[in-house]
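Undergrad: Encoded as structure tokens, here's the structure I'll be asking about.
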Amino acid sequence: MSTVKYRLNDPRLAPRRTKLEIPGWAGGREPRTDGSREQVWHCVPFSEGAQYGIELFYPYAFELHVTTRDGRLHLDADWGEPPDSGVQWPPFRNFGDTFYTYQILLDLKVEPGMAVRTEPHPRFYTDRTDTVPIAVPALIRNWWPMMFFCVFKAPVEGRTHIFRPNEPFAQIIVIPEEADFQLEPMGEEEAAERELQARRIYSNRPKLAAGTEWTSSTDTVFDGTYRHLHRAAKEKARGT
């Protein structure tokens, strides 16, 4: 197990492993049963992807509303007096009207060969209000001692992104520092093996899905095939 160490300018920034909020941004407590409404947490790949990183929380006691009006970016909040720490105040700044920055002052130390990457928080993809901040992807390498600022995409004209106290606004994932891979087509033997694997799953789906099939309120049929194979793969990796 690797370790990510952190150093904060503001303890309220509160990094933690990303968690699904149910009920909340990850959906409601709908069981996997006929008549239920589909929820994103029903999908194992999404749930695993959403919980893969570190979530960051807006540390201030007041809301920040970021709006684009007449092509200009507006950052509206009751900032009050600047803190005694001498940090930039307000900590959010316009960046060309199409982006804005947050002086985050966050130090995440990862192990050699690894890096941190900023990205939108998973709740951005489930949001129906179009108010979730959009963190711009950035790769911070191991040798850089601190994230001085985080960049966000400005909302489109007439829309407002909202930062609320103790609400997650971005996710960070830890990845290899170098994208050390190349793309190449599969050979005939390898492609045939993968095709055979896919056909076996398809032909055995009724057996793999036994007892787990259900139809949602929008008449979409679901089953536990992926979940069963996922569980089996994990057990095999553990040697059980």
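Labels for the structure tokens follow display order: chains A, B, ..., residues from 1 in each chain, ligands from 1.
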I'd like to know which residues of segment 15-239 of chain A are helix (DSSP H, G or I) (by DSSP, run on the backbone); could you write them as a PyMOL selection string?

TA: chain A and resi 40-42+44-50+123-126+188-203+205-208+225-238

Undergrad: So that I have them on file, write out the residues from the current selection with N, CA and C atoms, as a short mmCIF file (atom, residue, chain, number, x, y, z; two decimals), in the first residue's frame.

TA:
data_model
loop_
_atom_site.label_atom_id
_atom_site.label_comp_id
_atom_site.auth_asym_id
_atom_site.auth_seq_id
_atom_site.Cartn_x
_atom_site.Cartn_y
_atom_site.Cartn_z
N VAL A 40 -26.59 6.01 -10.30
CA VAL A 40 -25.23 5.80 -10.81
C VAL A 40 -24.47 4.79 -9.96
N TRP A 41 -24.78 4.68 -8.67
CA TRP A 41 -24.06 3.72 -7.84
C TRP A 41 -24.42 2.28 -8.17
N HIS A 42 -25.50 2.08 -8.95
CA HIS A 42 -25.82 0.74 -9.43
C HIS A 42 -24.72 0.22 -10.38
N VAL A 44 -21.05 -0.56 -11.18
CA VAL A 44 -19.79 -0.82 -10.48
C VAL A 44 -18.63 -0.02 -11.07
N PRO A 45 -18.45 0.05 -12.41
CA PRO A 45 -17.34 0.85 -12.94
C PRO A 45 -17.41 2.32 -12.52
N PHE A 46 -18.62 2.90 -12.49
CA PHE A 46 -18.72 4.29 -12.04
C PHE A 46 -18.39 4.40 -10.56
N SER A 47 -18.95 3.52 -9.75
CA SER A 47 -18.70 3.57 -8.31
C SER A 47 -17.22 3.45 -7.99
N GLU A 48 -16.54 2.52 -8.67
CA GLU A 48 -15.11 2.36 -8.44
C GLU A 48 -14.34 3.58 -8.92
N GLY A 49 -14.73 4.10 -10.09
CA GLY A 49 -14.04 5.29 -10.61
C GLY A 49 -14.24 6.50 -9.72
N ALA A 50 -15.46 6.66 -9.19
CA ALA A 50 -15.77 7.81 -8.35
C ALA A 50 -15.02 7.77 -7.04
N ARG A 123 -19.35 14.24 -8.49
CA ARG A 123 -20.72 14.75 -8.44
C ARG A 123 -21.02 15.69 -9.61
N PHE A 124 -19.98 16.18 -10.29
CA PHE A 124 -20.19 17.00 -11.49
C PHE A 124 -20.97 16.21 -12.53
N TYR A 125 -20.69 14.91 -12.64
CA TYR A 125 -21.30 14.09 -13.68
C TYR A 125 -22.73 13.67 -13.34
N THR A 126 -23.12 13.78 -12.08
CA THR A 126 -24.47 13.41 -11.68
C THR A 126 -25.37 14.62 -11.47
N GLU A 188 -3.48 -11.35 -34.14
CA GLU A 188 -4.63 -12.19 -34.43
C GLU A 188 -4.96 -13.13 -33.28
N GLU A 189 -3.94 -13.74 -32.68
CA GLU A 189 -4.17 -14.70 -31.60
C GLU A 189 -4.75 -14.01 -30.37
N GLU A 190 -4.19 -12.86 -30.03
CA GLU A 190 -4.66 -12.12 -28.85
C GLU A 190 -6.08 -11.61 -29.07
N ALA A 191 -6.35 -11.08 -30.28
CA ALA A 191 -7.68 -10.58 -30.60
C ALA A 191 -8.71 -11.71 -30.55
N ALA A 192 -8.31 -12.89 -31.04
CA ALA A 192 -9.23 -14.05 -31.03
C ALA A 192 -9.52 -14.48 -29.59
N GLU A 193 -8.51 -14.42 -28.73
CA GLU A 193 -8.69 -14.78 -27.33
C GLU A 193 -9.67 -13.83 -26.65
N ARG A 194 -9.54 -12.54 -26.91
CA ARG A 194 -10.43 -11.55 -26.32
C ARG A 194 -11.85 -11.72 -26.86
N GLU A 195 -11.97 -11.99 -28.13
CA GLU A 195 -13.29 -12.20 -28.73
C GLU A 195 -13.96 -13.43 -28.13
N LEU A 196 -13.17 -14.49 -27.92
CA LEU A 196 -13.71 -15.70 -27.31
C LEU A 196 -14.17 -15.42 -25.89
N GLN A 197 -13.40 -14.65 -25.15
CA GLN A 197 -13.77 -14.28 -23.79
C GLN A 197 -15.09 -13.52 -23.78
N ALA A 198 -15.23 -12.57 -24.71
CA ALA A 198 -16.46 -11.79 -24.80
C ALA A 198 -17.66 -12.68 -25.14
N ARG A 199 -17.46 -13.62 -26.07
CA ARG A 199 -18.56 -14.49 -26.47
C ARG A 199 -18.96 -15.44 -25.34
N ARG A 200 -17.98 -15.88 -24.57
CA ARG A 200 -18.29 -16.76 -23.44
C ARG A 200 -19.13 -16.03 -22.40
N ILE A 201 -18.76 -14.78 -22.13
CA ILE A 201 -19.55 -13.99 -21.18
C ILE A 201 -20.96 -13.81 -21.70
N TYR A 202 -21.08 -13.50 -22.99
CA TYR A 202 -22.40 -13.27 -23.57
C TYR A 202 -23.26 -14.53 -23.51
N SER A 203 -22.67 -15.67 -23.87
CA SER A 203 -23.46 -16.92 -23.91
C SER A 203 -23.81 -17.41 -22.51
N ARG A 205 -24.35 -15.36 -19.95
CA ARG A 205 -24.94 -14.27 -19.18
C ARG A 205 -26.18 -14.71 -18.40
N PRO A 206 -27.07 -15.52 -18.97
CA PRO A 206 -28.23 -15.95 -18.17
C PRO A 206 -27.83 -16.64 -16.88
N LYS A 207 -26.78 -17.46 -16.94
CA LYS A 207 -26.31 -18.16 -15.74
C LYS A 207 -25.63 -17.19 -14.78
N LEU A 208 -24.79 -16.29 -15.32
CA LEU A 208 -24.07 -15.33 -14.48
C LEU A 208 -25.03 -14.33 -13.83
N THR A 225 -24.17 -9.38 -13.75
CA THR A 225 -23.08 -10.07 -14.42
C THR A 225 -21.72 -9.44 -14.12
N TYR A 226 -21.62 -8.14 -14.31
CA TYR A 226 -20.34 -7.46 -14.08
C TYR A 226 -19.92 -7.58 -12.62
N ARG A 227 -20.89 -7.40 -11.71
CA ARG A 227 -20.57 -7.48 -10.28
C ARG A 227 -20.04 -8.86 -9.91
N HIS A 228 -20.64 -9.92 -10.47
CA HIS A 228 -20.20 -11.27 -10.17
C HIS A 228 -18.78 -11.52 -10.69
N LEU A 229 -18.52 -11.09 -11.93
CA LEU A 229 -17.19 -11.28 -12.50
C LEU A 229 -16.15 -10.43 -11.77
N HIS A 230 -16.55 -9.24 -11.38
CA HIS A 230 -15.67 -8.35 -10.63
C HIS A 230 -15.27 -9.00 -9.30
N ARG A 231 -16.25 -9.56 -8.61
CA ARG A 231 -15.98 -10.22 -7.32
C ARG A 231 -15.06 -11.43 -7.52
N ALA A 232 -15.32 -12.19 -8.55
CA ALA A 232 -14.51 -13.38 -8.81
C ALA A 232 -13.07 -13.00 -9.15
N ALA A 233 -12.90 -11.92 -9.92
CA ALA A 233 -11.56 -11.47 -10.29
C ALA A 233 -10.77 -11.00 -9.07
N LYS A 234 -11.45 -10.32 -8.16
CA LYS A 234 -10.79 -9.85 -6.93
C LYS A 234 -10.38 -11.02 -6.05
N GLU A 235 -11.25 -12.01 -5.95
CA GLU A 235 -10.93 -13.18 -5.14
C GLU A 235 -9.76 -13.96 -5.75
N LYS A 236 -9.73 -14.04 -7.07
CA LYS A 236 -8.63 -14.74 -7.74
C LYS A 236 -7.32 -14.00 -7.50
N ALA A 237 -7.37 -12.64 -7.54
CA ALA A 237 -6.15 -11.84 -7.32
C ALA A 237 -5.63 -12.02 -5.90
N ARG A 238 -6.55 -12.25 -4.95
CA ARG A 238 -6.14 -12.47 -3.55
C ARG A 238 -5.68 -13.90 -3.31
#

Undergrad: Asn166 of chain A: which residues within 7 Å, counting only C-alpha atoms, same-chain residues fewer than 4 positions away excluded, as a list in words?

TA: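 Skipping anything fewer than 4 positions along the chain leaves Phe57, Tyr58 and Pro59 of chain A.
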
Undergrad: Which polymer residues have any atom within 6 Å of an atom of segment 10-20 of chain A, counting only C-alpha atoms, with same-chain residues fewer than 5 positions away left out, as a list in words?

TA: Ala26, Gln51, Gly53, Ile54, Glu55, Leu56, Phe57 and Pro59 of chain A

Undergrad: Report as JSON lines: every residue of segment 22-131 of chain A with an atom at most 10 Å from segment 217-224 of chain A, its closest pair of atoms, and their distance in Å to one decimal, counting only C-alpha atoms, with rows sorted by chain and ascending residue number.

TA:
{"residue": "A:Arg32", "atom": "CA", "partner": "A:Phe222", "partner_atom": "CA", "distance": 8.3}
{"residue": "A:Thr33", "atom": "CA", "partner": "A:Phe222", "partner_atom": "CA", "distance": 9.1}
{"residue": "A:Asp34", "atom": "CA", "partner": "A:Ser217", "partner_atom": "CA", "distance": 7.3}
{"residue": "A:Gly35", "atom": "CA", "partner": "A:Ser217", "partner_atom": "CA", "distance": 4.5}
{"residue": "A:Ser36", "atom": "CA", "partner": "A:Ser217", "partner_atom": "CA", "distance": 5.4}
{"residue": "A:Arg37", "atom": "CA", "partner": "A:Ser217", "partner_atom": "CA", "distance": 5.2}
{"residue": "A:Glu38", "atom": "CA", "partner": "A:Ser217", "partner_atom": "CA", "distance": 7.6}
{"residue": "A:His42", "atom": "CA", "partner": "A:Phe222", "partner_atom": "CA", "distance": 9.2}
{"residue": "A:Cys43", "atom": "CA", "partner": "A:Gly224", "partner_atom": "CA", "distance": 9.6}
{"residue": "A:Val44", "atom": "CA", "partner": "A:Gly224", "partner_atom": "CA", "distance": 9.6}

Undergrad: Measure the distance from atom CA of Ile162 of chain A to atom CA of Ile140 of chain A in Å and round it to one decimal.

TA: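 Computing the Euclidean distance for atom CA of Ile162 of chain A and atom CA of Ile140 of chain A yields 25.4 Å.
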
Undergrad: Given only C-alpha atoms as the basis, pick out the residue of A:Leu8, A:Glu178, A:Val66, A:Thr131 nearest to Ala115 of chain A.

TA: A:Glu178

Undergrad: Among segment 23-81 of chain A, which ones does DSSP place in strand (DSSP E or B), written as a list in words?

TA: Gly24, Gly27, Ile54, Glu55, Leu56, Phe57, Leu64, His65, Val66, Thr67, Thr68, Arg69, Arg72, Leu73, His74, Leu75 and Asp76 of chain A

Undergrad: Report the distance between atom CA of Phe92 of chain A and atom CA of Tyr6 of chain A in Å, rounded to one decimal place.

TA: 21.6 Å

Undergrad: As an exercise, work out the distance from atom CA of Val116 of chain A to atom CA of Asn142 of chain A in Å and give it to one decimal place.

TA: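 Distance reported for this atom pair: 7.8 Å.
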
Undergrad: For each of A:Thr118, A:Thr67, A:Thr212, A:Gln182, take the minimum atom-to-atom distance to Phe163 of chain A, counting only C-alpha atoms, then give the residue where this is smallest.

TA: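 Comparing A:Thr118, A:Thr67, A:Thr212, A:Gln182 against Phe163 of chain A, the winner is A:Thr67.
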
Undergrad: Which residue, A:Ile134, A:Leu73, A:Ala210, A:Leu183, has the smallest gap to Gly96 of chain A when you use only C-alpha atoms?

TA: A:Leu73

Undergrad: Using only C-alpha atoms, which protein or nucleic acid residues come within 7 Å of Leu105 of chain A? Drop anything in the same chain fewer than 5 positions from it, and give the result as number ranges by chain.

TA: A: 8-9, 146-149

Undergrad: Write the selection just made, keeping N, CA and C atoms, as a PDB file, in the first residue's frame?

TA:
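File written: part-v1.pdb
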ATOM      1  N   LEU A   8      -1.522  21.237   4.871  1.00  0.00           N
ATOM      2  CA  LEU A   8      -2.604  22.166   4.565  1.00  0.00           C
ATOM      3  C   LEU A   8      -2.307  23.573   5.067  1.00  0.00           C
ATOM      4  N   ASN A   9      -2.750  24.555   4.300  1.00  0.00           N
ATOM      5  CA  ASN A   9      -2.756  25.926   4.781  1.00  0.00           C
ATOM      6  C   ASN A   9      -3.983  26.174   5.651  1.00  0.00           C
ATOM      7  N   MET A 146       4.142  22.036  -3.759  1.00  0.00           N
ATOM      8  CA  MET A 146       2.819  22.470  -3.321  1.00  0.00           C
ATOM      9  C   MET A 146       1.963  22.854  -4.521  1.00  0.00           C
ATOM     10  N   MET A 147       0.655  22.565  -4.427  1.00  0.00           N
ATOM     11  CA  MET A 147      -0.307  23.102  -5.393  1.00  0.00           C
ATOM     12  C   MET A 147      -0.648  24.518  -4.934  1.00  0.00           C
ATOM     13  N   PHE A 148      -0.128  25.504  -5.643  1.00  0.00           N
ATOM     14  CA  PHE A 148      -0.372  26.881  -5.244  1.00  0.00           C
ATOM     15  C   PHE A 148      -1.777  27.345  -5.627  1.00  0.00           C
ATOM     16  N   PHE A 149      -2.267  26.838  -6.741  1.00  0.00           N
ATOM     17  CA  PHE A 149      -3.621  27.207  -7.143  1.00  0.00           C
ATOM     18  C   PHE A 149      -4.241  26.089  -7.965  1.00  0.00           C
TER      19      PHE A 149
END
